[in-house]
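**Student:** Encoded as structure tokens, here's the structure I'll be asking about.
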Amino acid sequence: MSSSERRGIVAIDGPAASGKSSTAEWVARELGFTHVDSGSLYRAVTAAALRTGVPAAEWTPALVLGAADDITLVPDGHSLVPAFEGAPMTDEIRGAIVNAAVPRVARMSAVRAWVNDRIREVARARNVVVDGRDMGTAVFPEADVKVYLVADPWERAKRRLVQHLRRLPTEAEIAAETDRLVHRDAADATQSVQARDALLIDTTHLLQEEQVARIVALARAALGGRG
Ligand code: CDP
């Protein structure tokens with residue numbers, strides 16, 4: 001396939017709560033691309049496994065993949081989001097129980113293959129902005145644009161809490177959330193890799209619109225006529 005026939009791929013990776021998904025969604029809107037959050041698929045598979053009632057310690061790849069059978073991707077604005085038996089999974093996949101169980105599921109290679117197949121399927125038919133931990137490495141090494149977003153853990157924890165609580169969190173709340181994020185980063189370390197050719201953006205002191213503008217400009221330059 002020549003490069004002019006190939007779909008555009010923008011890959012945004014980074015650690016927990018680094019702002020990947022909201023940035024990716026905004027970039028997709030600017031470019032008229034479809035956004036897919038790979039983390040939401042790992043979360044959806046985890047929530048579906050929790051629905052079986054089997055304790056997480058006993059989950060096997062077969063059980064998890066069986067539960068994943070009922071998950072599809074459905075449109076929501078510029079994004080495709082996971083749905084269970086057709087119903088979009090929203091709050092269920094963002095809770096503390098899923099947060100704690102998801103790294104265990106994400107380490108199962110059969111689950112990684114399942115998630116990656118779903119995302120590659122979308123990218124065959126559309127221009128995409130994808131986000132996660134390994135989009136620019138394992139899944140789309142050929143991506144047109146690769147970005148790795150980082151931010152100070154305290155700042156990431158604060159942003160995540162503001163998003164969830166819709167108020168300013170206390171120092172104690174931020175400290176506890178920072179611990180949870182750092183713990184999840186450690187649990188995810190093997191699958192979180194910065195591509196050598198990714199642009200590193202530290203968002204600690206950036207406004208979201210600034211990082212979006214940088215990524216959109218980069219994408220327009222890289223995609224040329226495909227953007
Ligand atoms: O946004 P946040 O950092 O909280 O996490 P997420 O992107 O929603 O991803 C949730 C979990 O899915 C992570 O903690 C990883 O365990 C897993 N994940 C992964 O292993 N590979 C990806 N490409 C994306 C997520």
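Labeling convention for the structure tokens: chains A, B, ... as they appear, residues from 1 per chain, ligands from 1 in order of appearance.
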Enumerate the residues of chain A with a DSSP assignment of helix (DSSP H, G or I), computed from the backbone, and present them as a ChimeraX atom specification.
**Tutor:** /A:20-31,38-51,56-58,61-68,91-94,96-106,109-125,135-139,153-165,171-187,189-191,208-226
**Student:** Would you mind listing, for every residue of range 123-177 of chain A within 10 Å of range 71-79 of chain A, the two atoms forming the shortest contact and the distance between them in Å to one decimal, using only C-alpha atoms, sorted by chain and ascending residue number, as CSV?
**Tutor:**
residue,atom,partner,partner_atom,distance
A:Val128,CA,A:Ser79,CA,9.4
A:Val129,CA,A:Ser79,CA,9.1
A:Val130,CA,A:Ser79,CA,9.7
**Student:** Would you please give, as an MDAnalysis selection string, all residues of range 29-73 of chain A that DSSP assigns to strand (DSSP E) based on the backbone?
**Tutor:** chainID A and resid 34:37 71:73
**Student:** Could you write those residues out with N, CA, C and O atoms, as a PDB file, in the first residue's frame?
**Tutor:**
ATOM      1  N   THR A  34     -11.181   9.783  14.197  1.00  0.00           N
ATOM      2  CA  THR A  34     -11.890   9.020  15.219  1.00  0.00           C
ATOM      3  C   THR A  34     -10.941   8.720  16.377  1.00  0.00           C
ATOM      4  O   THR A  34      -9.808   8.277  16.153  1.00  0.00           O
ATOM      5  N   HIS A  35     -11.421   8.956  17.596  1.00  0.00           N
ATOM      6  CA  HIS A  35     -10.590   8.698  18.779  1.00  0.00           C
ATOM      7  C   HIS A  35     -10.936   7.339  19.391  1.00  0.00           C
ATOM      8  O   HIS A  35     -12.114   7.023  19.572  1.00  0.00           O
ATOM      9  N   VAL A  36      -9.903   6.542  19.673  1.00  0.00           N
ATOM     10  CA  VAL A  36     -10.108   5.299  20.415  1.00  0.00           C
ATOM     11  C   VAL A  36      -9.121   5.266  21.579  1.00  0.00           C
ATOM     12  O   VAL A  36      -7.910   5.395  21.387  1.00  0.00           O
ATOM     13  N   ASP A  37      -9.659   5.077  22.782  1.00  0.00           N
ATOM     14  CA  ASP A  37      -8.865   5.031  24.017  1.00  0.00           C
ATOM     15  C   ASP A  37      -8.652   3.553  24.362  1.00  0.00           C
ATOM     16  O   ASP A  37      -9.584   2.873  24.787  1.00  0.00           O
ATOM     17  N   ILE A  71     -18.459  -7.258  24.372  1.00  0.00           N
ATOM     18  CA  ILE A  71     -18.050  -5.851  24.256  1.00  0.00           C
ATOM     19  C   ILE A  71     -17.870  -5.462  22.786  1.00  0.00           C
ATOM     20  O   ILE A  71     -17.228  -6.173  22.015  1.00  0.00           O
ATOM     21  N   THR A  72     -18.453  -4.311  22.445  1.00  0.00           N
ATOM     22  CA  THR A  72     -18.247  -3.755  21.100  1.00  0.00           C
ATOM     23  C   THR A  72     -17.860  -2.288  21.261  1.00  0.00           C
ATOM     24  O   THR A  72     -17.946  -1.738  22.373  1.00  0.00           O
ATOM     25  N   LEU A  73     -17.443  -1.664  20.166  1.00  0.00           N
ATOM     26  CA  LEU A  73     -17.157  -0.230  20.202  1.00  0.00           C
ATOM     27  C   LEU A  73     -18.300   0.501  19.530  1.00  0.00           C
ATOM     28  O   LEU A  73     -18.704   0.133  18.422  1.00  0.00           O
TER      29      LEU A  73
END
**Student:** Quick one: pull the distance between CA of Leu223 in chain A and CA of His205 in chain A, Å, one decimal.
**Tutor:**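 That distance, rounded to one decimal, is 27.9 Å.
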**Student:** Could you pull the residues within 12 Å of Ser38 in chain A, counting only C-alpha atoms, minus those fewer than 6 positions along the same chain, as a ChimeraX atom specification?
**Tutor:** /A:11-14,20-21,24,44-45,73,79-82,106,111-120,122,128-136,139
**Student:** Create the file for the chosen residues now, containing C-alpha atoms and written as an mmCIF file, in the first residue's frame.
**Tutor:**
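Result went into part.cif, see below:
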data_model
loop_
_atom_site.group_PDB
_atom_site.id
_atom_site.type_symbol
_atom_site.label_atom_id
_atom_site.label_comp_id
_atom_site.auth_asym_id
_atom_site.auth_seq_id
_atom_site.Cartn_x
_atom_site.Cartn_y
_atom_site.Cartn_z
ATOM 1 C CA ALA A 11 -0.569 7.737 18.760
ATOM 2 C CA ILE A 12 -0.575 9.313 22.221
ATOM 3 C CA ASP A 13 0.940 7.337 25.107
ATOM 4 C CA GLY A 14 1.844 8.088 28.685
ATOM 5 C CA LYS A 20 -3.903 11.186 27.206
ATOM 6 C CA SER A 21 -7.588 10.546 26.598
ATOM 7 C CA ALA A 24 -6.560 12.585 22.195
ATOM 8 C CA ALA A 44 -14.232 -2.586 29.831
ATOM 9 C CA VAL A 45 -12.791 -6.100 29.690
ATOM 10 C CA LEU A 73 -17.157 -0.230 20.202
ATOM 11 C CA SER A 79 -14.806 8.725 19.927
ATOM 12 C CA LEU A 80 -15.608 5.047 19.793
ATOM 13 C CA VAL A 81 -16.377 3.837 23.313
ATOM 14 C CA PRO A 82 -16.846 0.325 24.724
ATOM 15 C CA ALA A 106 -3.662 -5.872 30.968
ATOM 16 C CA VAL A 111 -6.178 -9.805 26.286
ATOM 17 C CA ARG A 112 -3.573 -7.458 24.797
ATOM 18 C CA ALA A 113 -3.987 -9.221 21.446
ATOM 19 C CA TRP A 114 -7.788 -8.868 21.687
ATOM 20 C CA VAL A 115 -7.610 -5.131 22.465
ATOM 21 C CA ASN A 116 -5.000 -4.508 19.775
ATOM 22 C CA ASP A 117 -7.097 -6.342 17.158
ATOM 23 C CA ARG A 118 -10.145 -4.176 17.987
ATOM 24 C CA ILE A 119 -8.094 -0.994 17.584
ATOM 25 C CA ARG A 120 -6.285 -2.069 14.403
ATOM 26 C CA VAL A 122 -10.857 0.601 13.443
ATOM 27 C CA VAL A 128 -7.527 7.600 14.119
ATOM 28 C CA VAL A 129 -6.128 9.208 17.217
ATOM 29 C CA VAL A 130 -5.369 6.378 19.634
ATOM 30 C CA ASP A 131 -4.144 6.634 23.210
ATOM 31 C CA GLY A 132 -2.746 4.291 25.813
ATOM 32 C CA ARG A 133 0.572 2.830 26.935
ATOM 33 C CA ASP A 134 1.909 1.091 23.822
ATOM 34 C CA MET A 135 0.127 2.665 20.855
ATOM 35 C CA GLY A 136 3.339 4.078 19.349
ATOM 36 C CA VAL A 139 0.369 -1.517 18.206
#
**Student:** Just the number, please: distance in Å from CA of Arg126 in chain A to CA of Leu31 in chain A, one decimal.
**Tutor:**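 Straight-line distance from CA of Arg126 in chain A to CA of Leu31 in chain A works out to 12.1 Å.
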**Student:** Might you pull out every residue within 9 Å of Arg94 in chain A, with only C-alpha atoms counted and same-chain residues fewer than 4 positions away left off, and present them as JSON, numbers by chain?
**Tutor:** {"A": [40, 43, 90, 98, 99]}
**Student:** Go ahead and write the selection's residues with all heavy atoms as a PDB file, in the first residue's frame.
**Tutor:**
ATOM      1  N   SER A  40      -9.701   2.392  27.774  1.00  0.00           N
ATOM      2  CA  SER A  40     -11.129   2.155  28.034  1.00  0.00           C
ATOM      3  C   SER A  40     -11.492   0.710  27.677  1.00  0.00           C
ATOM      4  O   SER A  40     -12.380   0.118  28.291  1.00  0.00           O
ATOM      5  CB  SER A  40     -12.010   3.150  27.273  1.00  0.00           C
ATOM      6  OG  SER A  40     -12.015   2.854  25.892  1.00  0.00           O
ATOM      7  N   ARG A  43     -10.222  -1.415  30.510  1.00  0.00           N
ATOM      8  CA  ARG A  43     -11.147  -1.209  31.623  1.00  0.00           C
ATOM      9  C   ARG A  43     -12.467  -1.968  31.392  1.00  0.00           C
ATOM     10  O   ARG A  43     -13.027  -2.566  32.313  1.00  0.00           O
ATOM     11  CB  ARG A  43     -11.450   0.284  31.775  1.00  0.00           C
ATOM     12  CG  ARG A  43     -10.269   1.073  32.313  1.00  0.00           C
ATOM     13  CD  ARG A  43     -10.523   2.574  32.259  1.00  0.00           C
ATOM     14  NE  ARG A  43      -9.435   3.299  32.889  1.00  0.00           N
ATOM     15  CZ  ARG A  43      -9.309   3.481  34.194  1.00  0.00           C
ATOM     16  NH1 ARG A  43     -10.249   3.018  35.006  1.00  0.00           N
ATOM     17  NH2 ARG A  43      -8.276   4.119  34.701  1.00  0.00           N
ATOM     18  N   THR A  90     -19.893   3.461  31.040  1.00  0.00           N
ATOM     19  CA  THR A  90     -19.307   4.766  31.392  1.00  0.00           C
ATOM     20  C   THR A  90     -18.725   4.732  32.804  1.00  0.00           C
ATOM     21  O   THR A  90     -17.557   4.401  32.984  1.00  0.00           O
ATOM     22  CB  THR A  90     -20.346   5.888  31.208  1.00  0.00           C
ATOM     23  OG1 THR A  90     -21.559   5.491  31.856  1.00  0.00           O
ATOM     24  CG2 THR A  90     -20.627   6.140  29.739  1.00  0.00           C
ATOM     25  N   VAL A  98     -12.284  -1.322  39.340  1.00  0.00           N
ATOM     26  CA  VAL A  98     -11.670  -1.553  38.018  1.00  0.00           C
ATOM     27  C   VAL A  98     -10.223  -1.051  38.027  1.00  0.00           C
ATOM     28  O   VAL A  98      -9.312  -1.743  37.562  1.00  0.00           O
ATOM     29  CB  VAL A  98     -12.501  -0.896  36.887  1.00  0.00           C
ATOM     30  CG1 VAL A  98     -11.730  -0.891  35.577  1.00  0.00           C
ATOM     31  CG2 VAL A  98     -13.832  -1.639  36.713  1.00  0.00           C
ATOM     32  N   ASN A  99      -9.978   0.140  38.591  1.00  0.00           N
ATOM     33  CA  ASN A  99      -8.601   0.668  38.656  1.00  0.00           C
ATOM     34  C   ASN A  99      -7.643  -0.350  39.260  1.00  0.00           C
ATOM     35  O   ASN A  99      -6.529  -0.544  38.781  1.00  0.00           O
ATOM     36  CB  ASN A  99      -8.545   1.920  39.555  1.00  0.00           C
ATOM     37  CG  ASN A  99      -8.951   3.170  38.811  1.00  0.00           C
ATOM     38  OD1 ASN A  99      -8.996   3.186  37.588  1.00  0.00           O
ATOM     39  ND2 ASN A  99      -9.258   4.209  39.554  1.00  0.00           N
TER      40      ASN A  99
END
**Student:** Report the distance between CA of Gly8 in chain A and CA of Asn127 in chain A in Å, rounded to one decimal place.
**Tutor:** 4.7 Å
**Student:** Would you mind listing, for every residue of range 63-160 of chain A within 8 Å of range 214-222 of chain A, the two atoms forming the shortest contact and the distance between them in Å to one decimal, using only C-alpha atoms, sorted by chain and ascending residue number, as a tab-separated table?
**Tutor:**
residue	atom	partner	partner_atom	distance
A:Asp144	CA	A:Ala222	CA	6.3
A:Val145	CA	A:Ala219	CA	6.0
A:Val147	CA	A:Ile215	CA	7.7
**Student:** Using only C-alpha atoms, which of A:Leu161, A:Ala125, A:Met108, A:Ala96 sits nearest Glu173 in chain A?
**Tutor:**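 So, comparing all the options, the nearest one is A:Leu161.
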**Student:** Find, counting only C-alpha atoms, the residue in A:Ala143, A:Ile174, A:Leu200, A:Ile93 that gets nearest to Glu155 in chain A.
**Tutor:** A:Ile174
**Student:** Which is closer to Ala186 in chain A than all the others in A:Arg156, A:Glu142, A:Ala16, A:Ser22, using only C-alpha atoms?
**Tutor:**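 Among the listed residues, the smallest separation from Ala186 in chain A belongs to A:Ala16.
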**Student:** Which residue is closest to Ala151 in chain A? Choose from A:Asp202, A:Glu171, A:Asp188, A:Asp179 and count only C-alpha atoms.
**Tutor:**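 Among the listed residues, A:Asp202 lies closest to Ala151 in chain A.
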**Student:** With only C-alpha atoms and all ligand atoms as the basis for distance, which of A:Thr52, A:Thr60, A:Gln191, A:Thr137 is at the shortest distance from ligand 1?
**Tutor:**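 Closest residue, counting only C-alpha atoms and all ligand atoms: A:Gln191.
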**Student:** My list of candidates is A:Leu65, A:Ala123, A:Val162, A:Ala138. Which is closest to Thr190 in chain A when distances are computed with only C-alpha atoms?
**Tutor:**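 For Thr190 in chain A, the nearest of the candidates is A:Ala138.
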**Student:** Please identify all polymer residues within 10 Å of Arg184 in chain A, counting only C-alpha atoms, omitting same-chain residues fewer than 5 positions from it, and present them as a list in words.
**Tutor:**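 Skipping anything fewer than 5 positions along the chain leaves Pro15, Ala16, Asn99, Ala100, Ala101, Val102, Pro103, Thr178, Asp179 and Ala189 of chain A.
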